[in-house]
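Let me begin by presenting the structure, written as structure tokens, before commenting on it.
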Amino acid sequence: MTNFLYFSHSYRSEDAQCVDFFGRLLRSEGLVPSLDPPSESVNSAKLERHLASTDGMVAILTWREGGVSQHILFEIALCLRARKPLLVFVEDVLPGGVVPGRVLQRRFSRRSFLRQTREHRHALEILKMYLGEKPPPKYQPPLSQRSCLLVGADALSEQQREDLSGFIERRAYSPAAVDGDIAAEIQELIACADVAVSFVDSKSPLAYYLFGALQGACLPTITFTAQHSYAFNPRVPLEYQPRPVRTLADSAVLEEALARELELYEEDFLDLSDQDEVASYASLLLDVGSRNGHYDPGTRNVFVQELVMRDKYVTGQAGAVGPGSRASEMTFNQIWGEVAGQMDLAALSGELAELREHLRQQATGPEHDLALGEVASAELAASAGDGPRALSHLARAGKWALEVATSIGTSVDAAALKSALGV
């Protein structure tokens, strides 16, 4: 029986060699990294759904200037929350305590990981003991239509709740809401739901209980907020925090935002534009694999070259990675290296806060909301001292943000936007 793993790793070019080594080592042990489809964005619901389809996780935590990847740390935390078997390979130059001590982990050296193969293989053998030879499927999966659980909907008017339920039904989900406070009924609703939509602006004690219950159950959740002063966590990438919307009072705005997030959540490898990749992956899973999970060299090559190292989604500091991408993390590092001497990150953060307020006042459509979120992400990155990540968010903020920055005379963020956009 084959074990499928969530393979969390850096997409930076300088890490490619060690990531490729660990990927090959996984396959040599009959462990298959799950195919993650490419997209231009990501949300926590997509990662939660992806993790739910796997038996466990292997993460590669490498050193980078400014600290380890917050995206990989978030994925590790997600696996711990889901209580799935986890193995983390930690580069030996990183300080202790980056990963909780109880987590199965091994140190590796970037310069001599090949000489450590025996130790790394032993760690994978321990992980396989936790995975088991035949991991069971989900216990008693629901037999009814897929469902979407609404949490915190008291933040909406009655008419908006009806409109949102109708929209969810048109997306072929059965909408569900928690009406009572019986623990068994609540847990049953969560256990049977496929995805949840939550509004953190709710003031209901029951909603706050449910927010925690959703986290504990690791149910894929799409979260929204219309609070202008929402306290985003600077240590968690903005992609995995509540999506800001201009208002909760407009059903059209909510439906537009929810449509985008559901598209991300529902993405799967069957949606790949190159269906030859899908056929190759299906062959890998169904036709070529033997009962002990080993594959011939040709199949391994197909997996590495066509499915793993080809297209990757855009997320945080990674920029865009893969064929047709307009920028990569390395590109933003290079751009930052060129402008860092002329740009004060503290000043940039301050001006981005000012720009964000002006953008909020002028926003009229969903594309403006997206740009506003990217500027907020850039502001947090700048305040954290991460110049390359600030530039990557500003690149996605687009020309409207640049036009507003120029019109209000904020010269530092206008210069940063021009650098990020290449204009």
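Numbering starts fresh at 1 for the residues of each chain in the structure tokens, the chains themselves are lettered A, B, ... in the order given, and ligands are numbered from 1 as they appear.
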- request: Could you give me, as a PyMOL selection string, the residues within 12 Å of Ala77 (chain A), counting only C-alpha atoms and dropping anything in the same chain fewer than 3 positions from it?
  value: chain A and resi 8+44+47-48+51+57+59+70-74+80-84+86+88+98-100+103+215-216+218+236+240
message: Quick one: residues within 12 Å of region 188-196 of chain A, only C-alpha atoms, excluding same-chain residues fewer than 6 positions away - as a ChimeraX atom specification?
response: /A:44-46,48-49,52,138-153,168,172-182,210-224,258,261-262,265-266
task: Once DSSP has gone over the backbone, tell me which residues of region 76-261 of chain A are in alpha helix (DSSP H), as a PyMOL selection string.
output: chain A and resi 76-82+117-131+158-170+183-192+205-217+251-261
query: Tell me, which residues of region 21-245 of chain A carry DSSP strand (DSSP E), written as a PyMOL selection string?
result: chain A and resi 31-33+56-61+86-91+104-108+147-151+174-177+195-199+221-225+243-244
Requested write-out: N, CA and C atoms of the selected residues, as a short mmCIF file (atom, residue, chain, number, x, y, z; two decimals), in the first residue's frame:
data_model
loop_
_atom_site.label_atom_id
_atom_site.label_comp_id
_atom_site.auth_asym_id
_atom_site.auth_seq_id
_atom_site.Cartn_x
_atom_site.Cartn_y
_atom_site.Cartn_z
N LEU A 31 7.23 6.32 -0.44
CA LEU A 31 6.42 7.44 0.02
C LEU A 31 6.23 8.41 -1.14
N VAL A 32 4.98 8.70 -1.50
CA VAL A 32 4.69 9.52 -2.66
C VAL A 32 4.21 10.90 -2.23
N PRO A 33 4.95 11.96 -2.57
CA PRO A 33 4.45 13.31 -2.29
C PRO A 33 3.18 13.59 -3.09
N GLY A 56 0.30 11.94 6.03
CA GLY A 56 1.22 12.61 6.93
C GLY A 56 2.00 13.66 6.17
N MET A 57 3.03 14.19 6.81
CA MET A 57 3.80 15.27 6.19
C MET A 57 5.29 15.08 6.41
N VAL A 58 6.07 15.46 5.41
CA VAL A 58 7.51 15.63 5.55
C VAL A 58 7.82 17.07 5.16
N ALA A 59 8.52 17.79 6.04
CA ALA A 59 8.86 19.19 5.78
C ALA A 59 10.38 19.35 5.76
N ILE A 60 10.86 20.21 4.86
CA ILE A 60 12.28 20.53 4.77
C ILE A 60 12.43 21.99 5.17
N LEU A 61 13.07 22.23 6.30
CA LEU A 61 13.19 23.58 6.83
C LEU A 61 14.62 24.07 6.63
N LEU A 86 4.34 13.39 11.36
CA LEU A 86 5.14 14.49 10.81
C LEU A 86 6.61 14.22 11.03
N LEU A 87 7.41 14.48 9.99
CA LEU A 87 8.86 14.43 10.08
C LEU A 87 9.40 15.72 9.48
N VAL A 88 10.27 16.40 10.23
CA VAL A 88 10.86 17.66 9.76
C VAL A 88 12.37 17.49 9.66
N PHE A 89 12.91 17.75 8.49
CA PHE A 89 14.36 17.81 8.30
C PHE A 89 14.77 19.27 8.45
N VAL A 90 15.61 19.55 9.48
CA VAL A 90 15.97 20.92 9.84
C VAL A 90 17.44 21.15 9.50
N GLU A 91 17.72 22.21 8.76
CA GLU A 91 19.12 22.50 8.42
C GLU A 91 19.92 22.76 9.69
N LEU A 104 9.04 14.57 15.54
CA LEU A 104 10.09 13.76 14.93
C LEU A 104 10.87 14.63 13.95
N GLN A 105 12.18 14.78 14.17
CA GLN A 105 12.99 15.66 13.33
C GLN A 105 14.42 15.17 13.26
N ARG A 106 15.08 15.56 12.18
CA ARG A 106 16.49 15.25 11.99
C ARG A 106 17.19 16.47 11.41
N ARG A 107 18.41 16.69 11.83
CA ARG A 107 19.21 17.77 11.28
C ARG A 107 19.90 17.28 10.00
N PHE A 108 20.08 18.21 9.05
CA PHE A 108 20.83 17.87 7.85
C PHE A 108 21.77 19.03 7.53
N SER A 147 -21.42 19.69 1.93
CA SER A 147 -22.04 20.75 2.70
C SER A 147 -21.04 21.83 3.08
N CYS A 148 -21.59 23.02 3.31
CA CYS A 148 -20.79 24.19 3.72
C CYS A 148 -21.39 24.73 5.01
N LEU A 149 -20.59 24.76 6.06
CA LEU A 149 -21.04 25.20 7.37
C LEU A 149 -20.82 26.70 7.52
N LEU A 150 -21.85 27.45 7.90
CA LEU A 150 -21.75 28.89 8.12
C LEU A 150 -21.57 29.15 9.61
N VAL A 151 -20.53 29.90 9.95
CA VAL A 151 -20.22 30.21 11.34
C VAL A 151 -20.07 31.72 11.49
N SER A 174 -24.68 22.12 0.20
CA SER A 174 -25.82 22.23 1.09
C SER A 174 -25.42 23.13 2.26
N PRO A 175 -26.02 24.33 2.37
CA PRO A 175 -25.63 25.23 3.47
C PRO A 175 -26.13 24.71 4.81
N ALA A 176 -25.32 24.88 5.84
CA ALA A 176 -25.70 24.44 7.18
C ALA A 176 -25.25 25.48 8.19
N ALA A 177 -26.03 25.67 9.20
CA ALA A 177 -25.70 26.63 10.26
C ALA A 177 -26.01 25.98 11.61
N VAL A 195 -16.53 22.02 4.09
CA VAL A 195 -15.83 23.29 4.21
C VAL A 195 -16.69 24.21 5.08
N ALA A 196 -16.06 25.18 5.70
CA ALA A 196 -16.79 26.15 6.52
C ALA A 196 -16.48 27.56 6.03
N VAL A 197 -17.45 28.43 6.17
CA VAL A 197 -17.28 29.86 5.91
C VAL A 197 -17.58 30.58 7.22
N SER A 198 -16.61 31.35 7.71
CA SER A 198 -16.79 32.00 9.00
C SER A 198 -16.56 33.51 8.90
N PHE A 199 -17.20 34.24 9.79
CA PHE A 199 -17.10 35.69 9.87
C PHE A 199 -16.64 36.05 11.28
N THR A 221 -11.48 25.97 6.24
CA THR A 221 -12.30 27.11 6.62
C THR A 221 -11.89 28.36 5.86
N ILE A 222 -12.87 29.04 5.29
CA ILE A 222 -12.68 30.32 4.61
C ILE A 222 -13.21 31.40 5.54
N THR A 223 -12.35 32.34 5.92
CA THR A 223 -12.70 33.31 6.94
C THR A 223 -12.65 34.73 6.38
N PHE A 224 -13.62 35.55 6.77
CA PHE A 224 -13.70 36.93 6.31
C PHE A 224 -13.78 37.88 7.49
N THR A 225 -13.35 39.13 7.23
CA THR A 225 -13.52 40.21 8.18
C THR A 225 -13.70 41.52 7.43
N ARG A 243 -9.72 36.90 5.27
CA ARG A 243 -9.70 37.73 4.07
C ARG A 243 -10.45 39.03 4.35
N PRO A 244 -9.80 40.18 4.15
CA PRO A 244 -10.52 41.44 4.37
C PRO A 244 -11.48 41.73 3.23
#
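Considering the residues A:Pro366, A:Ala397, A:Asn233, A:Phe7 and counting only C-alpha atoms, Ala259 (chain A) has its shortest atom-to-atom contact with A:Pro366.
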field: All residues 10 Å or closer to Ala420 (chain A), only C-alpha atoms, same chain fewer than 4 positions away omitted, as a list in words
entry: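 Result of the neighbour search: Ala327, Thr331, Phe332, Ile335, Trp336, Pro388, Ala390, Leu391, Ser392, His393, Leu394, Ala395, Arg396, Ala397, Gly398, Ala414, Ala415 and Ala416 of chain A.
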Generate the output file for the selected residues, N, CA and C atoms, as a PDB file, in the first residue's frame.
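Contents of the output file result.pdb:
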ATOM      1  N   ALA A 327       7.753  36.425 -12.008  1.00  0.00           N
ATOM      2  CA  ALA A 327       8.779  36.751 -11.022  1.00  0.00           C
ATOM      3  C   ALA A 327       8.978  35.569 -10.115  1.00  0.00           C
ATOM      4  N   THR A 331      14.075  36.574  -7.830  1.00  0.00           N
ATOM      5  CA  THR A 331      13.962  37.868  -8.491  1.00  0.00           C
ATOM      6  C   THR A 331      13.741  38.969  -7.468  1.00  0.00           C
ATOM      7  N   PHE A 332      12.829  38.760  -6.515  1.00  0.00           N
ATOM      8  CA  PHE A 332      12.560  39.785  -5.515  1.00  0.00           C
ATOM      9  C   PHE A 332      13.764  39.998  -4.601  1.00  0.00           C
ATOM     10  N   ILE A 335      15.982  42.177  -6.711  1.00  0.00           N
ATOM     11  CA  ILE A 335      15.473  43.559  -6.777  1.00  0.00           C
ATOM     12  C   ILE A 335      15.737  44.281  -5.468  1.00  0.00           C
ATOM     13  N   TRP A 336      15.459  43.582  -4.358  1.00  0.00           N
ATOM     14  CA  TRP A 336      15.694  44.205  -3.070  1.00  0.00           C
ATOM     15  C   TRP A 336      17.168  44.517  -2.869  1.00  0.00           C
ATOM     16  N   PRO A 388      12.313  41.748   0.594  1.00  0.00           N
ATOM     17  CA  PRO A 388      11.885  40.974  -0.587  1.00  0.00           C
ATOM     18  C   PRO A 388      10.419  40.580  -0.538  1.00  0.00           C
ATOM     19  N   ALA A 390       8.033  42.161   1.054  1.00  0.00           N
ATOM     20  CA  ALA A 390       7.243  43.379   0.851  1.00  0.00           C
ATOM     21  C   ALA A 390       7.119  43.682  -0.636  1.00  0.00           C
ATOM     22  N   LEU A 391       8.214  43.516  -1.376  1.00  0.00           N
ATOM     23  CA  LEU A 391       8.174  43.774  -2.815  1.00  0.00           C
ATOM     24  C   LEU A 391       7.275  42.779  -3.535  1.00  0.00           C
ATOM     25  N   SER A 392       7.299  41.508  -3.103  1.00  0.00           N
ATOM     26  CA  SER A 392       6.475  40.506  -3.780  1.00  0.00           C
ATOM     27  C   SER A 392       4.990  40.828  -3.614  1.00  0.00           C
ATOM     28  N   HIS A 393       4.596  41.325  -2.428  1.00  0.00           N
ATOM     29  CA  HIS A 393       3.195  41.715  -2.233  1.00  0.00           C
ATOM     30  C   HIS A 393       2.859  42.964  -3.031  1.00  0.00           C
ATOM     31  N   LEU A 394       3.788  43.925  -3.091  1.00  0.00           N
ATOM     32  CA  LEU A 394       3.529  45.141  -3.846  1.00  0.00           C
ATOM     33  C   LEU A 394       3.393  44.851  -5.338  1.00  0.00           C
ATOM     34  N   ALA A 395       4.130  43.844  -5.818  1.00  0.00           N
ATOM     35  CA  ALA A 395       4.002  43.473  -7.228  1.00  0.00           C
ATOM     36  C   ALA A 395       2.589  43.021  -7.545  1.00  0.00           C
ATOM     37  N   ARG A 396       1.941  42.347  -6.583  1.00  0.00           N
ATOM     38  CA  ARG A 396       0.578  41.877  -6.803  1.00  0.00           C
ATOM     39  C   ARG A 396      -0.467  42.949  -6.492  1.00  0.00           C
ATOM     40  N   ALA A 397      -0.041  44.020  -5.800  1.00  0.00           N
ATOM     41  CA  ALA A 397      -0.974  45.120  -5.541  1.00  0.00           C
ATOM     42  C   ALA A 397      -1.347  45.828  -6.834  1.00  0.00           C
ATOM     43  N   GLY A 398      -0.400  45.886  -7.782  1.00  0.00           N
ATOM     44  CA  GLY A 398      -0.727  46.374  -9.119  1.00  0.00           C
ATOM     45  C   GLY A 398      -0.630  47.879  -9.303  1.00  0.00           C
ATOM     46  N   ALA A 414       5.779  54.620  -3.446  1.00  0.00           N
ATOM     47  CA  ALA A 414       5.689  54.727  -4.902  1.00  0.00           C
ATOM     48  C   ALA A 414       6.946  54.158  -5.544  1.00  0.00           C
ATOM     49  N   ALA A 415       8.111  54.465  -4.971  1.00  0.00           N
ATOM     50  CA  ALA A 415       9.366  53.936  -5.502  1.00  0.00           C
ATOM     51  C   ALA A 415       9.416  52.415  -5.351  1.00  0.00           C
ATOM     52  N   ALA A 416       8.922  51.914  -4.201  1.00  0.00           N
ATOM     53  CA  ALA A 416       8.917  50.464  -3.987  1.00  0.00           C
ATOM     54  C   ALA A 416       7.988  49.772  -4.969  1.00  0.00           C
TER      55      ALA A 416
END
query: Of the candidates A:Arg12, A:Ser251, A:Leu78, A:Phe21, which shows the shortest atom-to-atom distance to Trp63 (chain A), using only C-alpha atoms?
result: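 Checking each candidate against Trp63 (chain A), we get A:Arg12 as the closest.
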Atomic distance CA of Ala371 (chain A) - CA of Leu345 (chain A), expressed in Å with one decimal: 19.8 Å
query: Which residue out of A:Leu26, A:Ala183, A:Cys79, A:Ala346 has the minimum interatomic distance to Ala123 (chain A) when only C-alpha atoms are used?
result: A:Leu26
